[in-house]
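Student: Next up, input.cif (mmCIF, C-alpha atoms).
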data_target
#
loop_
_atom_site.label_atom_id
_atom_site.label_comp_id
_atom_site.auth_asym_id
_atom_site.auth_seq_id
_atom_site.Cartn_x
_atom_site.Cartn_y
_atom_site.Cartn_z
CA MET E 1 0.00 0.00 0.00
CA ASN E 2 1.55 3.26 -1.08
CA SER E 3 -1.01 5.94 -0.43
CA ALA E 4 -4.67 6.63 0.25
CA LEU E 5 -6.71 9.77 -0.36
CA LEU E 6 -10.27 10.59 0.65
CA THR E 7 -12.84 13.18 -0.32
CA ALA E 8 -16.60 13.28 0.20
CA ASP E 9 -19.83 15.09 -0.44
CA SER E 10 -22.86 14.85 1.83
CA ARG E 11 -23.70 11.28 0.80
CA VAL E 12 -20.73 9.59 -0.84
CA THR E 13 -17.12 9.04 0.21
CA TYR E 14 -14.50 8.68 -2.54
CA LEU E 15 -11.28 6.77 -1.93
CA ALA E 16 -8.24 6.73 -4.20
CA TRP E 17 -5.41 4.39 -3.34
CA SER E 18 -2.31 2.82 -4.82
CA ALA E 19 -1.42 -0.78 -4.08
CA ASN E 20 2.04 -2.33 -3.85
CA ASN E 21 1.55 -3.91 -7.29
CA GLY E 22 1.66 -0.46 -8.90
CA LYS E 23 -2.06 -0.44 -9.65
CA ALA E 24 -4.44 2.15 -8.29
CA ALA E 25 -8.18 2.40 -7.80
CA VAL E 26 -10.87 4.99 -7.28
CA VAL E 27 -13.76 3.67 -5.17
CA ALA E 28 -17.06 5.29 -4.15
CA TYR E 29 -18.94 4.24 -1.00
CA ASP E 30 -22.29 5.28 0.37
CA THR E 31 -21.22 7.11 3.52
CA ASN E 32 -24.28 6.12 5.55
CA THR E 33 -24.16 2.39 4.85
CA GLY E 34 -20.66 1.66 3.55
CA HIS E 35 -22.13 0.02 0.44
CA LEU E 36 -19.96 0.05 -2.67
CA ARG E 37 -21.36 2.35 -5.37
CA TRP E 38 -18.66 2.02 -8.04
CA GLN E 39 -14.96 1.47 -8.53
CA SER E 40 -12.51 2.11 -11.33
CA TYR E 41 -8.97 0.84 -11.72
CA VAL E 42 -6.13 2.93 -13.16
CA ASP E 43 -2.49 2.24 -13.93
CA ASP E 44 -0.99 5.54 -12.78
CA GLN E 45 -0.08 6.74 -9.33
CA ILE E 46 -2.92 8.89 -7.95
CA THR E 47 -1.75 12.05 -6.20
CA ASP E 48 -4.90 14.04 -5.37
CA LEU E 49 -8.70 14.13 -5.56
CA ALA E 50 -11.16 16.99 -5.98
CA LEU E 51 -14.93 16.96 -6.04
CA THR E 52 -17.40 19.57 -7.30
CA GLN E 53 -20.78 19.79 -9.01
CA GLY E 54 -21.05 16.09 -9.78
CA TRP E 55 -17.48 15.75 -11.06
CA LEU E 56 -14.72 13.76 -9.39
CA TYR E 57 -11.24 14.78 -10.56
CA VAL E 58 -8.18 12.58 -10.15
CA ALA E 59 -4.61 13.89 -10.41
CA LYS E 60 -1.98 11.43 -11.59
CA ALA E 61 1.77 11.19 -11.91
CA GLY E 62 4.14 8.89 -13.67
CA GLY E 63 1.90 7.83 -16.52
CA GLU E 64 0.48 9.08 -19.76
CA SER E 65 -2.49 10.98 -18.38
CA MET E 66 -2.23 13.82 -15.90
CA VAL E 67 -5.83 14.38 -14.87
CA SER E 68 -9.00 12.34 -15.28
CA ALA E 69 -12.60 13.43 -14.70
CA TYR E 70 -15.31 10.99 -13.64
CA ALA E 71 -19.04 11.37 -13.24
CA ALA E 72 -19.22 11.23 -9.45
CA SER E 73 -22.55 9.40 -9.46
CA SER E 74 -21.60 6.57 -11.81
CA GLY E 75 -17.81 6.44 -12.10
CA LEU E 76 -17.94 6.90 -15.86
CA LEU E 77 -14.78 8.46 -17.26
CA ARG E 78 -15.85 11.72 -18.90
CA TRP E 79 -12.54 13.25 -19.99
CA GLN E 80 -8.82 13.19 -19.33
CA ASP E 81 -5.81 15.22 -20.40
CA HIS E 82 -2.32 14.00 -21.17
CA PRO E 83 -0.23 16.97 -22.29
CA GLY E 84 3.12 15.33 -21.62
CA THR E 85 5.18 12.85 -23.57
CA PRO E 86 7.77 10.30 -22.39
CA ALA E 87 10.48 12.77 -23.38
CA ALA E 88 8.70 15.77 -21.85
CA PRO E 89 6.84 14.42 -18.82
CA PHE E 90 4.09 16.32 -17.02
CA LYS E 91 3.19 15.40 -13.45
CA ALA E 92 0.07 16.44 -11.50
CA LEU E 93 0.45 16.61 -7.74
CA ALA E 94 -2.42 18.79 -6.54
CA LEU E 95 -5.95 19.80 -7.51
CA ALA E 96 -8.28 22.63 -6.59
CA VAL E 97 -11.66 23.78 -7.83
CA GLY E 98 -13.20 27.24 -7.71
CA GLY E 99 -14.95 29.74 -9.93
CA ASN E 100 -16.21 26.90 -12.14
CA GLN E 101 -12.62 25.95 -12.95
CA LEU E 102 -10.37 23.01 -12.23
CA PHE E 103 -6.77 23.85 -11.37
CA VAL E 104 -4.06 21.24 -11.76
CA GLY E 105 -0.67 21.89 -10.16
CA GLY E 106 2.50 19.90 -10.57
CA SER E 107 5.59 19.99 -12.74
CA ALA E 108 6.60 19.84 -16.38
CA LEU E 109 9.94 19.18 -18.01
CA HIS E 110 10.74 20.66 -21.43
CA PRO E 111 14.14 19.12 -22.21
CA LEU E 112 14.89 21.49 -25.10
CA HIS E 113 14.57 24.52 -22.82
CA GLU E 114 15.48 23.40 -19.30
CA SER E 115 17.48 20.77 -17.45
CA SER E 116 15.02 20.26 -14.60
CA SER E 117 11.28 20.56 -14.13
CA ASN E 118 9.34 23.82 -13.71
CA PHE E 119 6.22 24.92 -11.83
CA LEU E 120 3.13 23.94 -13.79
CA VAL E 121 -0.46 25.14 -13.44
CA ARG E 122 -3.21 24.29 -15.90
CA ALA E 123 -6.74 25.64 -15.59
CA TYR E 124 -9.68 23.87 -17.20
CA THR E 125 -13.41 24.32 -17.40
CA LEU E 126 -15.14 21.64 -15.37
CA GLY E 127 -15.90 19.94 -18.70
CA GLY E 128 -12.24 19.69 -19.65
CA LYS E 129 -11.52 22.66 -21.92
CA LEU E 130 -8.09 24.14 -21.23
CA LEU E 131 -8.47 27.83 -20.29
CA TRP E 132 -4.89 28.80 -19.53
CA ALA E 133 -1.58 27.38 -18.39
CA ASP E 134 1.36 28.75 -16.44
CA ASP E 135 4.24 26.64 -17.70
CA VAL E 136 7.39 28.72 -17.85
CA PRO E 137 10.72 26.88 -18.24
CA THR E 138 13.06 27.38 -15.33
CA GLN E 139 16.78 27.97 -15.06
CA ALA E 140 16.80 26.24 -11.67
CA LEU E 141 18.84 23.06 -11.47
CA TYR E 142 17.09 20.94 -8.90
CA GLY E 143 13.50 20.58 -10.05
CA ALA E 144 10.59 22.84 -9.22
CA GLN E 145 7.16 21.47 -8.51
CA ILE E 146 3.84 22.54 -7.04
CA GLU E 147 2.89 20.44 -4.06
CA SER E 148 -0.31 22.17 -2.99
CA ILE E 149 -2.88 24.36 -4.73
CA GLY E 150 -5.98 26.26 -3.67
CA TRP E 151 -8.43 28.84 -4.95
CA SER E 152 -9.74 32.03 -3.42
CA GLY E 153 -11.64 34.97 -4.89
CA GLY E 154 -10.42 34.71 -8.47
CA PHE E 155 -6.89 33.54 -7.69
CA ALA E 156 -5.26 30.16 -7.96
CA VAL E 157 -2.68 29.89 -5.15
CA MET E 158 0.07 27.31 -5.13
CA SER E 159 3.13 26.36 -3.09
CA GLY E 160 6.05 24.06 -3.67
CA THR E 161 9.77 23.89 -4.25
CA SER E 162 11.36 26.43 -6.58
CA GLY E 163 14.32 24.33 -7.68
CA ARG E 164 16.90 26.79 -6.38
CA LEU E 165 19.01 25.92 -3.36
CA THR E 166 19.52 28.17 -0.38
CA GLN E 167 23.00 28.98 0.82
CA PRO E 168 24.67 27.71 2.92
CA TYR E 169 22.17 24.92 3.63
CA TYR E 170 21.51 23.57 0.11
CA SER E 171 17.84 23.28 0.88
CA ASN E 172 15.30 23.87 -1.85
CA TYR E 173 13.65 27.31 -1.72
CA TRP E 174 9.93 27.31 -0.97
CA GLN E 175 7.82 29.23 -3.46
CA VAL E 176 4.31 30.58 -2.96
CA GLN E 177 2.61 31.96 -6.02
CA ALA E 178 -0.80 33.36 -6.94
CA ASP E 179 -2.11 33.46 -10.49
CA SER E 180 -5.18 35.46 -11.38
CA ALA E 181 -7.66 32.93 -12.65
CA PRO E 182 -9.84 34.36 -15.42
CA SER E 183 -12.83 32.20 -16.23
CA VAL E 184 -12.45 32.70 -19.97
CA ARG E 185 -9.50 31.72 -22.10
CA ALA E 186 -6.77 34.23 -21.34
CA SER E 187 -3.26 34.48 -20.04
CA SER E 188 -3.06 34.78 -16.28
CA SER E 189 -0.99 37.25 -14.29
CA ARG E 190 1.24 36.17 -11.47
CA ALA E 191 2.66 37.29 -8.12
CA GLN E 192 5.14 35.09 -6.32
CA SER E 193 7.31 34.90 -3.25
CA GLU E 194 10.40 32.72 -2.90
CA LEU E 195 11.53 32.07 0.65
CA PRO E 196 14.05 29.86 2.43
CA MET F 197 -0.91 24.94 2.14
CA ALA F 198 -4.43 25.94 3.16
CA VAL F 199 -6.55 28.78 1.83
CA SER F 200 -9.33 30.56 3.67
CA GLY F 201 -10.79 34.05 3.72
CA GLY F 202 -8.42 35.50 1.15
CA ILE F 203 -5.31 34.28 3.02
CA ALA F 204 -2.94 31.49 1.99
CA TYR F 205 -1.24 29.64 4.85
CA SER F 206 1.97 27.91 3.83
CA ALA F 207 3.99 25.69 6.15
CA SER F 208 7.36 24.14 5.46
CA PRO F 209 10.42 22.92 7.40
CA SER F 210 13.29 25.37 7.55
CA PRO F 211 16.18 25.99 7.10
CA PHE F 212 17.06 22.41 6.11
CA SER F 213 16.42 18.83 7.25
CA GLY F 214 17.56 15.26 6.90
CA ASP F 215 21.17 15.94 7.81
CA PRO F 216 23.10 14.98 10.95
CA GLY F 217 23.53 18.67 11.73
CA SER F 218 20.04 19.79 10.85
CA ASN F 219 17.50 21.20 13.25
CA ALA F 220 14.55 22.11 11.06
CA ASP F 221 11.70 24.06 12.59
CA ILE F 222 8.27 24.66 11.10
CA ARG F 223 7.83 27.98 9.36
CA LEU F 224 4.20 28.98 8.97
CA ARG F 225 3.55 32.02 6.80
CA ALA F 226 0.31 33.82 6.00
CA PHE F 227 0.05 35.66 2.67
CA ASP F 228 -2.56 38.09 1.45
CA ILE F 229 -3.61 36.37 -1.76
CA PRO F 230 -4.33 39.34 -4.08
CA THR F 231 -1.06 41.15 -3.27
CA GLY F 232 1.26 38.40 -2.09
CA ALA F 233 2.10 40.47 1.00
CA LEU F 234 3.42 38.51 3.96
CA LEU F 235 0.91 39.10 6.78
CA TRP F 236 2.67 37.19 9.54
CA GLU F 237 5.14 34.41 10.13
CA ASP F 238 5.71 31.98 12.98
CA VAL F 239 8.74 29.75 13.46
CA TRP F 240 7.73 26.79 15.59
CA ASP F 241 10.27 24.48 17.22
CA ALA F 242 7.71 21.71 17.73
CA SER F 243 10.16 19.21 19.21
CA THR F 244 11.79 21.87 21.44
CA ARG F 245 15.02 19.97 20.84
CA SER F 246 17.76 19.97 18.20
CA LEU F 247 15.76 17.68 15.93
CA ASP F 248 13.94 18.02 12.63
CA ASP F 249 10.28 18.94 12.73
CA SER F 250 8.04 18.69 9.69
CA VAL F 251 4.44 19.46 8.81
CA SER F 252 2.18 16.52 8.08
CA ASP F 253 -1.01 18.45 7.27
CA ILE F 254 -2.64 21.86 7.46
CA ALA F 255 -6.27 23.03 7.42
CA ALA F 256 -8.01 26.38 7.77
CA SER F 257 -11.57 27.21 8.69
CA ALA F 258 -13.51 30.18 10.05
CA GLY F 259 -10.50 32.38 10.67
CA ARG F 260 -8.33 29.70 12.26
CA VAL F 261 -5.50 27.58 10.91
CA PHE F 262 -4.53 24.14 12.22
CA ILE F 263 -1.24 22.31 11.77
CA THR F 264 -0.30 18.74 12.54
CA ALA F 265 3.41 18.12 12.84
CA ILE F 266 5.83 15.27 13.06
CA GLY F 267 8.28 16.43 15.65
CA GLY F 268 11.57 14.89 16.65
CA SER F 269 13.57 13.04 14.03
CA ASN F 270 17.09 13.33 12.72
CA SER F 271 19.37 11.24 10.58
CA ASP F 272 22.00 10.59 13.25
CA GLN F 273 19.72 10.04 16.24
CA PRO F 274 16.93 7.54 16.88
CA PRO F 275 13.64 9.17 15.89
CA THR F 276 11.38 10.14 18.75
CA PRO F 277 8.33 11.48 16.95
CA PHE F 278 5.23 12.55 18.82
CA TRP F 279 1.66 13.73 18.21
CA VAL F 280 1.27 17.48 18.13
CA VAL F 281 -1.47 19.75 16.78
CA ARG F 282 -1.50 23.52 17.03
CA ALA F 283 -4.18 26.15 16.30
CA TYR F 284 -3.49 29.74 15.24
CA ALA F 285 -5.66 32.81 14.76
CA GLY F 286 -5.62 33.26 11.01
CA SER F 287 -5.53 37.06 11.02
CA SER F 288 -2.71 37.57 13.52
CA GLY F 289 -0.77 34.32 13.91
CA THR F 290 -1.49 34.19 17.63
CA VAL F 291 -1.25 30.66 19.00
CA LEU F 292 -4.69 29.68 20.30
CA TRP F 293 -4.01 26.21 21.68
CA GLU F 294 -1.84 23.13 21.30
CA ASP F 295 -2.23 19.43 22.10
CA ARG F 296 0.56 16.90 22.46
CA CYS F 297 0.83 13.18 23.01
CA PRO F 298 4.22 11.60 23.67
CA SER F 299 5.42 9.01 21.18
CA GLY F 300 3.43 8.85 17.98
CA HIS F 301 2.41 11.12 15.14
CA ALA F 302 -0.48 13.31 14.04
CA SER F 303 -0.84 12.69 10.33
CA ARG F 304 -4.02 14.35 9.05
CA VAL F 305 -6.30 17.21 10.08
CA THR F 306 -9.67 18.43 8.83
CA ALA F 307 -11.86 21.15 10.28
CA THR F 308 -15.34 22.66 10.31
CA SER F 309 -16.15 26.06 11.79
CA THR F 310 -16.60 24.53 15.26
CA TRP F 311 -14.66 21.28 15.40
CA VAL F 312 -11.28 20.07 14.23
CA TYR F 313 -10.53 16.36 13.75
CA VAL F 314 -7.03 14.91 13.87
CA LEU F 315 -5.99 11.40 12.76
CA GLY F 316 -2.78 9.84 13.97
CA ALA F 317 -1.36 7.52 16.59
CA CYS F 318 0.04 7.95 20.05
CA SER F 319 0.95 5.99 23.12
CA ASP F 320 -0.66 6.34 26.48
CA GLY F 321 1.96 4.32 28.26
CA THR F 322 1.83 1.05 26.31
CA ASP F 323 1.81 0.52 22.54
CA GLU F 324 1.09 3.23 20.02
CA VAL F 325 -2.57 3.12 19.03
CA ALA F 326 -4.17 4.87 16.05
CA ARG F 327 -6.77 7.37 17.10
CA VAL F 328 -8.93 10.29 16.09
CA ARG F 329 -9.33 13.26 18.39
CA ALA F 330 -12.09 15.86 18.00
CA TYR F 331 -11.32 19.28 19.45
CA ALA F 332 -13.27 22.51 19.76
CA THR F 333 -11.68 24.83 17.22
CA ALA F 334 -11.71 27.89 19.50
CA THR F 335 -10.38 26.33 22.70
CA GLY F 336 -8.85 22.97 21.87
CA LYS F 337 -11.12 21.27 24.39
CA LEU F 338 -11.32 17.55 23.63
CA ARG F 339 -14.83 16.54 22.55
CA TRP F 340 -14.13 12.84 22.09
CA GLU F 341 -11.40 10.39 21.15
CA ILE F 342 -11.64 7.23 19.06
CA ARG F 343 -9.09 4.46 19.49
CA ILE F 344 -8.51 2.30 16.39
CA PRO F 345 -6.51 -0.77 17.46
CA ASN F 346 -4.34 -2.97 15.25
CA MET F 347 -3.37 -0.32 12.71
CA LEU F 348 0.13 0.20 11.33
CA ALA F 349 -0.44 3.56 9.66
CA THR F 350 -2.98 6.35 9.44
CA ASN F 351 -3.46 7.76 5.96
CA ALA F 352 -6.51 9.94 5.33
CA ILE F 353 -9.54 11.59 6.91
CA THR F 354 -12.65 13.25 5.47
CA LEU F 355 -16.02 14.55 6.58
CA SER F 356 -19.29 13.64 4.90
CA ASN F 357 -22.34 15.36 6.38
CA ASP F 358 -22.52 13.94 9.93
CA ARG F 359 -20.01 11.18 9.25
CA LEU F 360 -16.25 10.97 9.66
CA VAL F 361 -14.35 8.50 7.46
CA VAL F 362 -10.71 7.49 7.95
CA ALA F 363 -8.32 5.31 5.94
CA CYS F 364 -5.71 3.28 7.82
CA ILE F 365 -3.39 0.33 7.19
CA ASP F 366 -4.00 -2.65 9.45
CA THR F 367 -1.47 -5.15 10.79
CA SER F 368 -2.00 -7.39 7.74
CA GLU F 369 -0.94 -4.36 5.63
CA ALA F 370 -4.43 -4.06 4.15
CA LEU F 371 -6.18 -0.75 3.60
CA VAL F 372 -9.16 -0.29 5.90
CA LEU F 373 -11.88 2.34 5.67
CA ARG F 374 -13.80 3.09 8.89
CA ALA F 375 -16.77 5.43 9.37
CA TYR F 376 -17.90 7.11 12.58
CA ASP F 377 -20.71 9.28 13.79
CA ILE F 378 -19.25 12.76 14.02
CA LYS F 379 -21.06 13.88 17.17
CA ARG F 380 -20.08 11.09 19.52
CA GLY F 381 -17.43 9.20 17.63
CA LYS F 382 -19.59 6.06 17.47
CA PHE F 383 -18.31 3.38 15.06
CA LEU F 384 -20.62 2.77 12.08
CA TRP F 385 -18.96 0.53 9.48
CA GLN F 386 -15.70 -0.79 8.09
CA ARG F 387 -14.66 -1.80 4.57
CA LYS F 388 -11.52 -3.33 3.06
CA PRO F 389 -11.37 -2.32 -0.62
CA GLN F 390 -10.46 -4.97 -3.16
CA THR F 391 -6.83 -4.81 -4.29
CA PRO F 392 -6.68 -3.42 -7.85
#
In structure tokens, what does this structure look like?
Tutor:
Amino acid sequence: MNSALLTADSRVTYLAWSANNGKAAVVAYDTNTGHLRWQSYVDDQITDLALTQGWLYVAKAGGESMVSAYAASSGLLRWQDHPGTPAAPFKALALAVGGNQLFVGGSALHPLHESSSNFLVRAYTLGGKLLWADDVPTQALYGAQIESIGWSGGFAVMSGTSGRLTQPYYSNYWQVQADSAPSVRASSSRAQSELP
Amino acid sequence: MAVSGGIAYSASPSPFSGDPGSNADIRLRAFDIPTGALLWEDVWDASTRSLDDSVSDIAASAGRVFITAIGGSNSDQPPTPFWVVRAYAGSSGTVLWEDRCPSGHASRVTATSTWVYVLGACSDGTDEVARVRAYATATGKLRWEIRIPNMLATNAITLSNDRLVVACIDTSEALVLRAYDIKRGKFLWQRKPQTP
């Protein structure tokens, strides 16, 4: 057993977990009775869950797809996105929903432009249309990635490692960043803070 | 990171950890989301010793922020982790209350406006036992405690209406889901999901 994640609405509890055999599952239980409602098996490592308006979103790392969207009531796969390639991997580590958008945070590596991964945010409509992405190659050497993401009042807020090392400790800087999150297709604006 | 009321709360170990000479403390920072301005910062030496402390989870609700920490490990000394949870006033960073249990860990926290629920394990003189504690958010007064025997690890917690659901690993290394009544902590059901 590698990991387990839970989220719930008022009637159903959703579990995502990865087994030692490398397989993972998303399972829905009736919270009152414990009865199984549906389950779906996936091959990728699951890193986060988010639930809103009848959608269950699953963030994934290490495989071909980065985010999958299920109908929360039935478990039917409605859409998924896989922007990366084996040579340019994308990894999702955190999800947030707000303002009728889904925000996916993680990392991306563009080997023609950088030697280690950069902060990655992608914003979608709940139905899976990409609205905007913040995916700027980094000059940092040690790999940047978003580890947590949230939403508040029109901003997507994320934190994670910046990929630069502090001196004299050689510890990865911690970066907190807010992107304005327009609900129509547009480029976002950004404010960030990098701290030891 | 947790987001509530236009403030992002970010917690990370600092200045570095995982080294024989390290003594990481927990640095909790509150940022105004629209501007990125640092509102307040607290450096918390959770172990009160020259050992690494790290954050296991963070939650925010109704103007308060809650942190669970793993205090007391280092690469050249035997780990002596313990359960610790701390509550802050979200607007000022004032410490509101703290609860500790020797030997163990507090791994997950979730909160409503009136109650905060912490999943972890601690010892009360004999073996470490997994448990959930429910505290009043304002005062830290213990409402109830659930003991969950025969568990190796505590992984996830969520709230669903008037139910609390936790995911743990039992002594056969199987994932176990357990549901409780949120008001009294009464056990309701248990499920072991099928291995994918």
Student: Can you write out as a tab-separated table which residues of chain F fall within 6 Å of chain E, alongside each residue's closest atom pair and its distance in Å to one decimal, counting all atoms listed in the file and ordering rows by chain and ascending residue number?
Tutor:
residue	atom	partner	partner_atom	distance
F:Met197	CA	E:Ser148	CA	5.9
F:Gly202	CA	E:Ser152	CA	5.9
F:Phe212	CA	E:Ser171	CA	5.4
F:Asn351	CA	E:Ala4	CA	5.9
F:Ala352	CA	E:Leu5	CA	5.7
F:Thr354	CA	E:Thr7	CA	5.8
F:Ser356	CA	E:Ser10	CA	4.9
F:Asn357	CA	E:Ser10	CA	4.6
F:Pro392	CA	E:Lys23	CA	5.8
Student: Have a look at atom CA of F:Val280 and atom CA of F:Ile203 and let me know their distance in Å, one decimal.
Tutor: 23.5 Å
Student: Enumerate, as a list in words, the residues matched when the PyMOL selection byres ((chain E and resi 95) around 7) is run on the file above.
Tutor: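 Expected selection for the PyMOL selection byres ((chain E and resi 95) around 7) here is Asp48, Leu49, Ala50, Ala59, Ala94, Ala96, Val97, Phe103, Val104, Gly105 and Ile149 of chain E.
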Student: Please report the interatomic distance between atom CA of F:Ala255 and atom CA of E:Thr52 in Å with one decimal.
Tutor: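 Separation of atom CA of F:Ala255 and atom CA of E:Thr52: 18.8 Å.
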Student: May I ask for the distance between atom CA of F:Arg296 and atom CA of F:Asp238, given in Å to one decimal place?
Tutor: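 Going from atom CA of F:Arg296 over to atom CA of F:Asp238, I get 18.5 Å.
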Student: List, as a PyMOL selection string, every residue that the PyMOL selection byres ((chain E and resi 84) around 10) selects in the file provided.
Tutor: chain E and resi 63-66+81-83+85-91+108-110
Student: As a ChimeraX atom specification, please: the residues near F:Thr264 (cut-off 9 Å, all atoms listed in the file, same-chain neighbours under 4 positions excluded).
Tutor: /F:250-255,279-282,301-305,314
Student: Okay, now the selection with C-alpha atoms, as a PDB file, in the coordinates of the input?
Tutor:
ATOM      1  CA  SER F 250       8.040  18.690   9.690  1.00  0.00           C
ATOM      2  CA  VAL F 251       4.440  19.460   8.810  1.00  0.00           C
ATOM      3  CA  SER F 252       2.180  16.520   8.080  1.00  0.00           C
ATOM      4  CA  ASP F 253      -1.010  18.450   7.270  1.00  0.00           C
ATOM      5  CA  ILE F 254      -2.640  21.860   7.460  1.00  0.00           C
ATOM      6  CA  ALA F 255      -6.270  23.030   7.420  1.00  0.00           C
ATOM      7  CA  TRP F 279       1.660  13.730  18.210  1.00  0.00           C
ATOM      8  CA  VAL F 280       1.270  17.480  18.130  1.00  0.00           C
ATOM      9  CA  VAL F 281      -1.470  19.750  16.780  1.00  0.00           C
ATOM     10  CA  ARG F 282      -1.500  23.520  17.030  1.00  0.00           C
ATOM     11  CA  HIS F 301       2.410  11.120  15.140  1.00  0.00           C
ATOM     12  CA  ALA F 302      -0.480  13.310  14.040  1.00  0.00           C
ATOM     13  CA  SER F 303      -0.840  12.690  10.330  1.00  0.00           C
ATOM     14  CA  ARG F 304      -4.020  14.350   9.050  1.00  0.00           C
ATOM     15  CA  VAL F 305      -6.300  17.210  10.080  1.00  0.00           C
ATOM     16  CA  VAL F 314      -7.030  14.910  13.870  1.00  0.00           C
TER      17      VAL F 314
END
Student: Excluding same-chain residues fewer than 6 positions from stretch 326-334 of chain F, what lies within 6 Å of it counting all atoms listed in the file, as a count of residues only?
Tutor: 13
Student: Applied to the shown file, which residues does the PyMOL selection byres ((chain F and resi 362-368) around 7) return, written as JSON, numbers by chain?
Tutor: {"E": [4], "F": [346, 347, 348, 349, 350, 351, 352, 353, 354, 360, 361, 369, 370, 371, 372, 373, 374, 375]}
Student: Which residue is closest to F:Arg260? Choose from F:Ala233, F:Ala242, F:Leu247, F:Ala204 and count only C-alpha atoms.
Tutor: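 Closest candidate: F:Ala204.
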Student: If I wrap all listed atoms of stretch 237-242 of chain F in a box with edges along x, y and z and add 8 Å on each side, what are its centre and edge lengths in Å to one decimal, as lines of an AutoDock Vina configuration file?
Tutor:
center_x = 7.7
center_y = 28.1
center_z = 13.9
size_x = 21.1
size_y = 28.7
size_z = 23.6
Student: Could you give me, as JSON, numbers by chain, the residues within 6 Å of F:Asp241, counting only C-alpha atoms and dropping anything in the same chain fewer than 2 positions from it?
Tutor: {"F": [221, 243, 244]}
Student: If you count only C-alpha atoms, which residues fall within 6 Å of stretch 113-127 of chain E, apart from same-chain ones fewer than 4 positions away, as a PyMOL selection string?
Tutor: chain E and resi 101-109+131-135+137-138+141+143-146
Student: Point out the residue among F:Ser208, F:Thr391, F:Thr335, F:Thr306 with the least atom-to-atom distance to F:Phe262, counting all atoms listed in the file.
Tutor: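 Residue with the minimum atom-to-atom distance to F:Phe262: F:Thr306.
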